[in-house]
Amino acid sequence: MQHAASDPSVGGKAGALARLDSAGFDVPPFFTIVGTPDPSALASALAALGAGPYAVRSSGLQEDGAAHSHAGQFESILNVGPADVPAAVERVAASGERDGIAAYRAGHGLEGGGRPAVIVQAMIDAEFAGVAFSADPVTGRRDRIVISATAGLGDRLVAGEIDGSTWWIDTTSERVADASGDDALLSPAQLQAVAALVRQVEAAFGGPQDIEWAYAGDRLHLLQARPITSPIREAPIADDGIAVFDNSNIVESYPGIVSPLTFTFAAYAYARVYTAFVGLLGVSSAAIGANRNVFENMLVRVNGRVYYNLGNWYRALALLPGYALNRGFMETMMGVGAPLPAEMAARLEVAPATGWAKTREYGRLAKVAFGLLREAVGLPARARDFRLRLDRALAATTPERLKAMPLTELAAEYRRIESDLLDRWDAPIVNDFLCMIAFGASRRLLETWLAEDGLQIHNDVLIGQGDIISARPAQLIRAMGARAADDPGLIAALEADDRAALAASAIAPDIAAYVAEFGDRCTEELKLESVTLDEDPRSLHAAIAAAARSRAAPPVRNSDPFARLHAGLRGRPLRRMVAGALLRWTKNRVRDRENLRYERTRIFGRARRLLLAVGRQFHAAGLVEDPRDVFLLTIQEVLGTIEGFAVSFDLAGLAALRRGEMERAAASPDPGERLIVRGGAYTALTALSAARSEEEGTERKGTGCSAGRATAVARVIADPRGQSIAAGEILVARHTDPGWIALFASASAIVVERGSLLSHSAIVARELGIPCVVGLKGATDWIRDGETIEVDGASGLVRRCAP
């Protein structure tokens with residue numbers, strides 16, 4: 001009986017097992033038989049292995065070699081009892097004389113052959129078993145580990161009789177990039193242990209390895225190892241680049257899967273708008289030009305979802321005067337929810353200004369402050385000019401005109417909108433910047449002077465701005481609901497989306513006027529592929545019906561907040577004057593922020609119609625299979641096809657490729673809110689889905705942003721287009737946008753997982769006097785649809801009530 005790795009007569013498999021055993025791997029005990037075994041020696045060797053059962057396997061010359069594995073050529077017998085070992089050894093050895101093996105060896109140019117050596121090994125009572133590859137044997141990628149497993153023994157998996165469960169693990173992030181079968185068969189810890197084992201075997205043998213393994217209880221055994229014989233790619237060079245992708249704020253504008261056309265349109269718009277903005281704040285054209293790549297890469301698309309490329313936002317902010325003096329304030333302005341990783345922060349660190357440089361920096365900061373003051377004074381005039389330019393652009397691109405334009409005119413019209421609006425996005429961006437300053441400063445001031453009462457007053461001051469256009473849809477829906485309330489037939493027609501009956505109803509003119517004014521204010525309104533209310537008004541009809549069934553008046557607002565402010569600062573006239581002036585100015589900036597965002601909706605709506613007109617012309621020319629396939633193309637591909645700089649005119653092929661990508665992305669879980677990406681951006685595709693909280697409990701706290709209390713049934717809504725809420729129920733959502741306003745009209749309170757004090761849901765809830773809590777992590781998992789909850793919109797406390 002032999003066990004030496006250096007003896008070639010034991011064959012390739014036994015030699016590999018001997019080397020693994022010598023290297024300290026947990027290999028079940030074995031011995032090797034070369035030739036005809038002596039019965040006495042065999043009995044002694046079996047006794048040394050233990051009582052059995054045993055595995056009896058071949059170990060032929062060149063078997064499990066680097067070039068030829070001989071997989072499936074010889075016979076293997078498992079669960080052999082002590083008395084049956086001699087017969088099993090003979091069967092395995094005799095399998096080497098089959099005609100098929102001779103043909104295999106001859107076909108591969110191998111000399112020798114005949115009866116193989118035989119391995120007798122202690123059997124493992126496996127709970128789970130399988131194979132693992134230190135490189136992907138199908139694609140040849142060296143940055144992937146592939147693990148397959150099945151319950152019990154792995155022999156049927158190795159033989160290809162069953163598929164088992166498979167995981168593809170990215171070696172850079174050490175995360176599961178993909179999985180099939182029962183992905184819960186192995187725990188994360190077990191997966192990590194198998195991955196570590198196959199990497200250790202690769203290191204020991206100096207090349208990519210294919211191993212068989214088994215778990216018996218908590219013990220991981222290595223059953224055998226062989227080189228991977230399929231072609232393997234070159235190992236990627238280690239890349240220490242790091243990026244942070246974060247969707248904390250942008251998910252409200254671009255939730256879920258976003259089409260290539262929307263993403264590239266948005267990325268281009270962000271680049272143009274923020275380039276102009278930093279120039280407005282005094283950054284030189286030379287500095288802007290040197291950082292062009294920063295502005296052109298402020299957004300990324302990961303598995304169909306949109307994220308901020310956070311490092312580039314920091315790089316853009318670092319160009320602004322004052323960043324070296326007060327980076328913390330800049331981070332607050334950005335709304336960063338968590339610090340950057342220390343490794344990345346060190347690379348982006350701007351040395352604090354000292355000496356003359358500090359004086360010069362203060363001078364630049366003063367210049368910017370003066371410029372902002374000038375902009376604040378001139379903001380009303382700038383906003384009027386922006387609206388005039390917008391009205392002119394929209395008047396020239398009415399839906400009727402767009403339908404009659406040929407492709408070259410449509411492209412020229414797009415370029416004109418781009419030049420007149422995107423390159424001169426001054427009023428909205430300046431007001432946004434001033435709004436963040438005013439909101440943060442006024443909130444901090446009132447908290448300092450009046451503690452919790454100050455925060456309550458701050459919230460209440462921002463309620464009741466009747467000229468916030470974002471609240472007008474809810475007000476109109478309530479008014480139409482009131483008109484329909486006494487007509488059961490009309491309510492039934494609304495709920496059934498009976499458009500013929502609604503066209504003849506008393507509220508038909510009101511519905512038409514609403515669609516004419518707010519047709520583009522649909523769910524996910526900034527996504528060009530979104531279906532607008534004029535195409536599908538079902539959600540509007542459902543909201544009117546819900547308002548009709550609810551005869552409740554709008555919530556009663558709190559007492560005059562300015563009177564409470566004056567009472568709280570009685571005897572401090574200077575503080576009262578400063579706080580009052582700052583609050584009024586903040587109120588105006590918040591109002592203008594929402595109103596100017598509505599103008600953005602109008603622009604995106606017109607861009608949507610223009611690009612749909614392009615899609616119809618592409619379809620007419622046979623370039624795409626459906627007009628809406630235009631949303632599967634990038635803005636560069638669309639314009640390049642018309643203007644001449646496209647690199648491919650196979651638009652139908654591109655659309656088919658992208659459709660498949662989006663379908664796969666839609667079927668996968670959402671990645672996390674923040675992704676730490678190492679190496680190229682493509683590695684973000686290996687990000688794990690967002691971890692769901694296991695925490696239960698009866699209370700959680702988010703950000704209270706609209707005072708009031710409500711106790712009612714919770715309705716967890718994923719998509720407002722296909723779901724509705726009854727009057728008085730509490731709306732619970734992952735995120736909202738202006739398209740959710742129809743549900744706001746019926747809700748008694750709102751709870752949202754994402755968002756901030758200046759998010760759309762917070763502003764509209766304050767306007768409507770509805771209690772609102774945002775930023776309640778995991779709300780849609782923690783709160784069960786249909787249960788009763790209590791919401792305190794001032795403190796941010798949400799409590800699950802007893803059933």
# chains A, B, ... in the order shown; residues from 1 in each chain; ligands from 1
>>> select_by_dssp(residues="range 257-333 of chain A", states="alpha helix (DSSP H)", output="PyMOL selection string")
chain A and resi 260-280+285-290+292-295+310-318+327-333
>>> residues_around(residues="Ala546 in chain A", least_positions_apart="6", cutoff="9 Å", atoms="only C-alpha atoms", output="PyMOL selection string")
chain A and resi 481+491+495+724-727+743+745-746
>>> atom_distance(atom1="CA of Ala718 in chain A", atom2="CA of Ala338 in chain A")
26.1 Å
>>> residues_around(residues="Asp497 in chain A", least_positions_apart="3", cutoff="7 Å", atoms="only C-alpha atoms", output="MDAnalysis selection string")
chainID A and resid 493:494 538 541
>>> atom_distance(atom1="CA of Pro627 in chain A", atom2="CA of Pro406 in chain A")
14.6 Å
>>> select_by_dssp(residues="range 188-377 of chain A", states="strand (DSSP E or B)", output="JSON, numbers by chain")
{"A": [209, 210, 211, 212, 213, 214, 215, 216, 219, 220, 221, 222, 223, 224, 225, 226, 227, 242, 243, 244, 245, 246, 299, 300, 301, 302, 305, 306, 307, 308, 309]}
>>> residues_around(residues="range 657-665 of chain A", least_positions_apart="5", cutoff="12 Å", atoms="only C-alpha atoms", output="PyMOL selection string")
chain A and resi 178+256-261+301-305+625+628-634+650-652+670-671+685+689
>>> residues_around(residues="Arg472 in chain A", least_positions_apart="4", cutoff="10 Å", atoms="only C-alpha atoms", output="JSON, numbers by chain")
{"A": [466, 467, 468, 476, 477, 478, 514, 518, 741, 764, 767, 768]}
>>> write_last_selection(atoms="N, CA, C and O atoms", output="mmCIF file, in the first residue's frame")
data_model
loop_
_atom_site.group_PDB
_atom_site.id
_atom_site.type_symbol
_atom_site.label_atom_id
_atom_site.label_comp_id
_atom_site.auth_asym_id
_atom_site.auth_seq_id
_atom_site.Cartn_x
_atom_site.Cartn_y
_atom_site.Cartn_z
ATOM 1 N N GLY A 466 -49.961 78.542 -0.089
ATOM 2 C CA GLY A 466 -50.951 78.250 -1.111
ATOM 3 C C GLY A 466 -50.436 78.361 -2.517
ATOM 4 O O GLY A 466 -51.050 77.853 -3.450
ATOM 5 N N ASP A 467 -49.297 79.003 -2.716
ATOM 6 C CA ASP A 467 -48.777 79.152 -4.064
ATOM 7 C C ASP A 467 -47.710 78.121 -4.396
ATOM 8 O O ASP A 467 -46.983 78.277 -5.359
ATOM 9 N N ILE A 468 -47.596 77.048 -3.600
ATOM 10 C CA ILE A 468 -46.726 75.934 -3.989
ATOM 11 C C ILE A 468 -47.503 75.074 -4.978
ATOM 12 O O ILE A 468 -48.529 74.490 -4.639
ATOM 13 N N LEU A 476 -56.913 69.955 -6.358
ATOM 14 C CA LEU A 476 -57.864 69.743 -7.453
ATOM 15 C C LEU A 476 -58.537 68.380 -7.346
ATOM 16 O O LEU A 476 -59.741 68.250 -7.623
ATOM 17 N N ILE A 477 -57.778 67.362 -6.945
ATOM 18 C CA ILE A 477 -58.364 66.023 -6.779
ATOM 19 C C ILE A 477 -59.417 66.037 -5.684
ATOM 20 O O ILE A 477 -60.500 65.454 -5.820
ATOM 21 N N ARG A 478 -59.117 66.723 -4.576
ATOM 22 C CA ARG A 478 -60.109 66.831 -3.503
ATOM 23 C C ARG A 478 -61.365 67.547 -3.984
ATOM 24 O O ARG A 478 -62.486 67.157 -3.669
ATOM 25 N N TYR A 514 -57.283 69.106 -15.670
ATOM 26 C CA TYR A 514 -56.209 68.580 -14.825
ATOM 27 C C TYR A 514 -55.130 67.932 -15.682
ATOM 28 O O TYR A 514 -53.936 68.183 -15.501
ATOM 29 N N PHE A 518 -51.433 69.066 -15.649
ATOM 30 C CA PHE A 518 -50.529 68.211 -14.878
ATOM 31 C C PHE A 518 -50.350 66.814 -15.488
ATOM 32 O O PHE A 518 -49.975 65.878 -14.789
ATOM 33 N N ILE A 741 -48.873 62.219 -5.795
ATOM 34 C CA ILE A 741 -49.735 63.227 -5.188
ATOM 35 C C ILE A 741 -51.182 62.776 -5.146
ATOM 36 O O ILE A 741 -51.945 63.157 -4.250
ATOM 37 N N VAL A 764 -44.822 68.685 0.269
ATOM 38 C CA VAL A 764 -46.244 68.605 -0.065
ATOM 39 C C VAL A 764 -47.060 68.214 1.159
ATOM 40 O O VAL A 764 -48.171 68.723 1.369
ATOM 41 N N GLU A 767 -47.574 71.231 3.121
ATOM 42 C CA GLU A 767 -48.543 72.103 2.451
ATOM 43 C C GLU A 767 -49.979 71.642 2.700
ATOM 44 O O GLU A 767 -50.880 72.448 2.901
ATOM 45 N N LEU A 768 -50.176 70.312 2.692
ATOM 46 C CA LEU A 768 -51.521 69.765 2.862
ATOM 47 C C LEU A 768 -51.892 69.566 4.323
ATOM 48 O O LEU A 768 -53.027 69.191 4.619
#
>>> residues_around(residues="Trp313 in chain A", least_positions_apart="5", cutoff="9 Å", atoms="only C-alpha atoms", output="ChimeraX atom specification")
/A:294-295,298,308,318,334
>>> write_last_selection(atoms="N, CA, C and O atoms", output="short mmCIF file (atom, residue, chain, number, x, y, z; two decimals), in the first residue's frame")
data_model
loop_
_atom_site.label_atom_id
_atom_site.label_comp_id
_atom_site.auth_asym_id
_atom_site.auth_seq_id
_atom_site.Cartn_x
_atom_site.Cartn_y
_atom_site.Cartn_z
N VAL A 294 -14.93 65.14 -14.26
CA VAL A 294 -15.70 65.13 -13.00
C VAL A 294 -17.17 65.43 -13.29
O VAL A 294 -18.08 64.74 -12.83
N PHE A 295 -17.42 66.50 -14.05
CA PHE A 295 -18.79 66.92 -14.31
C PHE A 295 -19.51 65.96 -15.26
O PHE A 295 -20.74 65.84 -15.18
N MET A 298 -20.99 62.52 -12.97
CA MET A 298 -21.59 62.75 -11.66
C MET A 298 -22.64 61.69 -11.33
O MET A 298 -23.02 61.51 -10.18
N TYR A 308 -25.49 58.55 -7.45
CA TYR A 308 -24.49 59.60 -7.52
C TYR A 308 -23.11 58.96 -7.47
O TYR A 308 -22.86 58.05 -6.67
N ALA A 318 -14.91 70.65 -4.06
CA ALA A 318 -13.58 71.11 -3.67
C ALA A 318 -13.09 72.26 -4.56
O ALA A 318 -12.16 72.97 -4.18
N MET A 334 -24.67 69.17 0.95
CA MET A 334 -24.89 68.08 0.02
C MET A 334 -25.90 67.08 0.55
O MET A 334 -26.46 66.30 -0.22
#
>>> atom_distance(atom1="CA of Pro720 in chain A", atom2="CA of Thr523 in chain A")
7.3 Å
>>> residues_around(residues="range 773-790 of chain A", least_positions_apart="6", cutoff="8 Å", atoms="only C-alpha atoms", output="mmCIF file with N, CA, C and O atoms, in the first residue's frame")
data_model
loop_
_atom_site.group_PDB
_atom_site.id
_atom_site.type_symbol
_atom_site.label_atom_id
_atom_site.label_comp_id
_atom_site.auth_asym_id
_atom_site.auth_seq_id
_atom_site.Cartn_x
_atom_site.Cartn_y
_atom_site.Cartn_z
ATOM 1 N N ARG A 692 -31.967 43.470 4.463
ATOM 2 C CA ARG A 692 -33.242 43.768 5.108
ATOM 3 C C ARG A 692 -33.099 43.605 6.612
ATOM 4 O O ARG A 692 -32.513 42.652 7.099
ATOM 5 N N SER A 693 -33.669 44.518 7.328
ATOM 6 C CA SER A 693 -33.517 44.512 8.780
ATOM 7 C C SER A 693 -34.308 43.370 9.394
ATOM 8 O O SER A 693 -35.454 43.125 9.026
ATOM 9 N N GLU A 695 -34.786 43.438 12.601
ATOM 10 C CA GLU A 695 -35.313 44.049 13.810
ATOM 11 C C GLU A 695 -36.825 44.174 13.723
ATOM 12 O O GLU A 695 -37.383 44.558 12.705
ATOM 13 N N GLU A 696 -37.497 43.866 14.784
ATOM 14 C CA GLU A 696 -38.948 44.023 14.825
ATOM 15 C C GLU A 696 -39.276 45.188 15.755
ATOM 16 O O GLU A 696 -39.036 46.315 15.442
ATOM 17 N N ARG A 700 -40.190 52.857 15.930
ATOM 18 C CA ARG A 700 -38.992 53.315 15.238
ATOM 19 C C ARG A 700 -39.123 54.814 15.015
ATOM 20 O O ARG A 700 -40.232 55.360 14.986
ATOM 21 N N LYS A 701 -37.973 55.451 14.812
ATOM 22 C CA LYS A 701 -37.976 56.907 14.645
ATOM 23 C C LYS A 701 -37.280 57.284 13.354
ATOM 24 O O LYS A 701 -36.183 56.833 13.065
ATOM 25 N N GLY A 702 -37.978 58.123 12.574
ATOM 26 C CA GLY A 702 -37.403 58.705 11.376
ATOM 27 C C GLY A 702 -37.276 60.203 11.561
ATOM 28 O O GLY A 702 -37.107 60.700 12.674
ATOM 29 N N THR A 703 -37.391 60.945 10.465
ATOM 30 C CA THR A 703 -37.321 62.406 10.502
ATOM 31 C C THR A 703 -38.730 62.965 10.410
ATOM 32 O O THR A 703 -39.402 62.811 9.381
ATOM 33 N N GLY A 704 -39.185 63.584 11.479
ATOM 34 C CA GLY A 704 -40.490 64.231 11.457
ATOM 35 C C GLY A 704 -40.417 65.518 10.657
ATOM 36 O O GLY A 704 -39.569 66.358 10.916
ATOM 37 N N CYS A 705 -41.295 65.660 9.672
ATOM 38 C CA CYS A 705 -41.198 66.844 8.815
ATOM 39 C C CYS A 705 -42.539 67.507 8.554
ATOM 40 O O CYS A 705 -42.595 68.500 7.831
ATOM 41 N N SER A 706 -43.619 66.991 9.148
ATOM 42 C CA SER A 706 -44.905 67.679 9.065
ATOM 43 C C SER A 706 -45.697 67.280 10.286
ATOM 44 O O SER A 706 -46.044 66.113 10.472
ATOM 45 N N ARG A 709 -50.671 64.131 14.324
ATOM 46 C CA ARG A 709 -50.717 62.723 14.695
ATOM 47 C C ARG A 709 -51.834 62.035 13.923
ATOM 48 O O ARG A 709 -52.872 62.638 13.649
ATOM 49 N N ALA A 710 -51.623 60.780 13.614
ATOM 50 C CA ALA A 710 -52.653 59.990 12.953
ATOM 51 C C ALA A 710 -52.497 58.547 13.383
ATOM 52 O O ALA A 710 -51.381 58.040 13.500
ATOM 53 N N THR A 711 -53.613 57.886 13.650
ATOM 54 C CA THR A 711 -53.642 56.455 13.943
ATOM 55 C C THR A 711 -54.640 55.828 12.994
ATOM 56 O O THR A 711 -55.830 56.166 13.018
ATOM 57 N N ALA A 712 -54.154 54.946 12.125
ATOM 58 C CA ALA A 712 -55.023 54.375 11.100
ATOM 59 C C ALA A 712 -54.363 53.137 10.507
ATOM 60 O O ALA A 712 -53.244 52.767 10.868
ATOM 61 N N VAL A 713 -55.072 52.524 9.574
ATOM 62 C CA VAL A 713 -54.563 51.353 8.869
ATOM 63 C C VAL A 713 -53.442 51.779 7.921
ATOM 64 O O VAL A 713 -53.565 52.777 7.213
ATOM 65 N N ALA A 714 -52.349 51.015 7.932
ATOM 66 C CA ALA A 714 -51.228 51.298 7.043
ATOM 67 C C ALA A 714 -51.443 50.600 5.708
ATOM 68 O O ALA A 714 -51.834 49.429 5.661
ATOM 69 N N ARG A 715 -51.178 51.332 4.652
ATOM 70 C CA ARG A 715 -51.241 50.739 3.316
ATOM 71 C C ARG A 715 -49.866 50.873 2.686
ATOM 72 O O ARG A 715 -49.411 51.965 2.373
ATOM 73 N N VAL A 716 -49.167 49.731 2.548
ATOM 74 C CA VAL A 716 -47.813 49.714 1.990
ATOM 75 C C VAL A 716 -47.926 49.658 0.467
ATOM 76 O O VAL A 716 -48.447 48.685 -0.090
ATOM 77 N N VAL A 732 -47.625 54.219 3.243
ATOM 78 C CA VAL A 732 -46.258 53.794 3.583
ATOM 79 C C VAL A 732 -45.577 53.411 2.269
ATOM 80 O O VAL A 732 -46.086 52.572 1.524
ATOM 81 N N ALA A 733 -44.448 54.049 1.974
ATOM 82 C CA ALA A 733 -43.780 53.811 0.699
ATOM 83 C C ALA A 733 -42.279 53.842 0.876
ATOM 84 O O ALA A 733 -41.764 54.391 1.851
ATOM 85 N N ARG A 734 -41.591 53.243 -0.070
ATOM 86 C CA ARG A 734 -40.127 53.286 -0.047
ATOM 87 C C ARG A 734 -39.632 54.667 -0.404
ATOM 88 O O ARG A 734 -38.711 55.194 0.170
ATOM 89 N N ILE A 750 -48.289 60.097 6.136
ATOM 90 C CA ILE A 750 -47.366 59.545 5.151
ATOM 91 C C ILE A 750 -46.093 59.102 5.866
ATOM 92 O O ILE A 750 -45.544 59.847 6.686
ATOM 93 N N VAL A 751 -45.630 57.894 5.548
ATOM 94 C CA VAL A 751 -44.373 57.369 6.078
ATOM 95 C C VAL A 751 -43.543 56.899 4.890
ATOM 96 O O VAL A 751 -44.011 56.085 4.085
ATOM 97 N N VAL A 752 -42.314 57.410 4.775
ATOM 98 C CA VAL A 752 -41.473 57.112 3.627
ATOM 99 C C VAL A 752 -40.090 56.659 4.115
ATOM 100 O O VAL A 752 -39.527 57.256 5.031
ATOM 101 N N GLU A 753 -39.554 55.607 3.495
ATOM 102 C CA GLU A 753 -38.233 55.104 3.882
ATOM 103 C C GLU A 753 -37.124 56.098 3.572
ATOM 104 O O GLU A 753 -36.170 56.234 4.321
ATOM 105 N N ARG A 754 -37.213 56.768 2.429
ATOM 106 C CA ARG A 754 -36.151 57.643 1.973
ATOM 107 C C ARG A 754 -36.620 59.083 2.062
ATOM 108 O O ARG A 754 -37.797 59.358 2.219
ATOM 109 N N GLY A 755 -35.680 60.031 1.898
ATOM 110 C CA GLY A 755 -36.076 61.431 1.844
ATOM 111 C C GLY A 755 -35.510 62.249 2.989
ATOM 112 O O GLY A 755 -34.934 61.727 3.944
ATOM 113 N N SER A 756 -35.687 63.557 2.864
ATOM 114 C CA SER A 756 -35.170 64.507 3.841
ATOM 115 C C SER A 756 -36.211 65.590 4.078
ATOM 116 O O SER A 756 -37.315 65.546 3.525
ATOM 117 N N LEU A 757 -35.852 66.574 4.897
ATOM 118 C CA LEU A 757 -36.792 67.651 5.202
ATOM 119 C C LEU A 757 -37.170 68.460 3.966
ATOM 120 O O LEU A 757 -38.214 69.116 3.951
ATOM 121 N N ALA A 762 -42.064 65.581 1.849
ATOM 122 C CA ALA A 762 -42.104 66.416 3.046
ATOM 123 C C ALA A 762 -42.744 67.761 2.760
ATOM 124 O O ALA A 762 -43.598 68.251 3.528
ATOM 125 N N GLY A 796 -41.252 62.341 14.563
ATOM 126 C CA GLY A 796 -40.755 61.309 13.662
ATOM 127 C C GLY A 796 -40.981 59.907 14.177
ATOM 128 O O GLY A 796 -40.522 58.941 13.573
ATOM 129 N N LEU A 797 -41.731 59.756 15.288
ATOM 130 C CA LEU A 797 -41.957 58.449 15.887
ATOM 131 C C LEU A 797 -43.109 57.734 15.177
ATOM 132 O O LEU A 797 -44.170 58.313 14.960
ATOM 133 N N VAL A 798 -42.879 56.460 14.833
ATOM 134 C CA VAL A 798 -43.912 55.615 14.247
ATOM 135 C C VAL A 798 -44.052 54.386 15.132
ATOM 136 O O VAL A 798 -43.054 53.753 15.482
ATOM 137 N N ARG A 799 -45.293 54.067 15.493
ATOM 138 C CA ARG A 799 -45.528 52.942 16.415
ATOM 139 C C ARG A 799 -46.516 51.976 15.796
ATOM 140 O O ARG A 799 -47.556 52.382 15.273
ATOM 141 N N ARG A 800 -46.162 50.713 15.860
ATOM 142 C CA ARG A 800 -47.094 49.668 15.433
ATOM 143 C C ARG A 800 -48.021 49.345 16.584
ATOM 144 O O ARG A 800 -47.576 49.020 17.690
ATOM 145 N N CYS A 801 -49.318 49.432 16.339
ATOM 146 C CA CYS A 801 -50.303 49.173 17.391
ATOM 147 C C CYS A 801 -50.597 47.683 17.463
ATOM 148 O O CYS A 801 -50.358 46.931 16.527
ATOM 149 N N ALA A 802 -51.141 47.273 18.607
ATOM 150 C CA ALA A 802 -51.511 45.866 18.775
ATOM 151 C C ALA A 802 -52.606 45.527 17.773
ATOM 152 O O ALA A 802 -53.454 46.358 17.448
ATOM 153 N N PRO A 803 -52.636 44.296 17.241
ATOM 154 C CA PRO A 803 -53.660 43.899 16.281
ATOM 155 C C PRO A 803 -55.057 44.090 16.861
ATOM 156 O O PRO A 803 -55.290 43.855 18.025
#
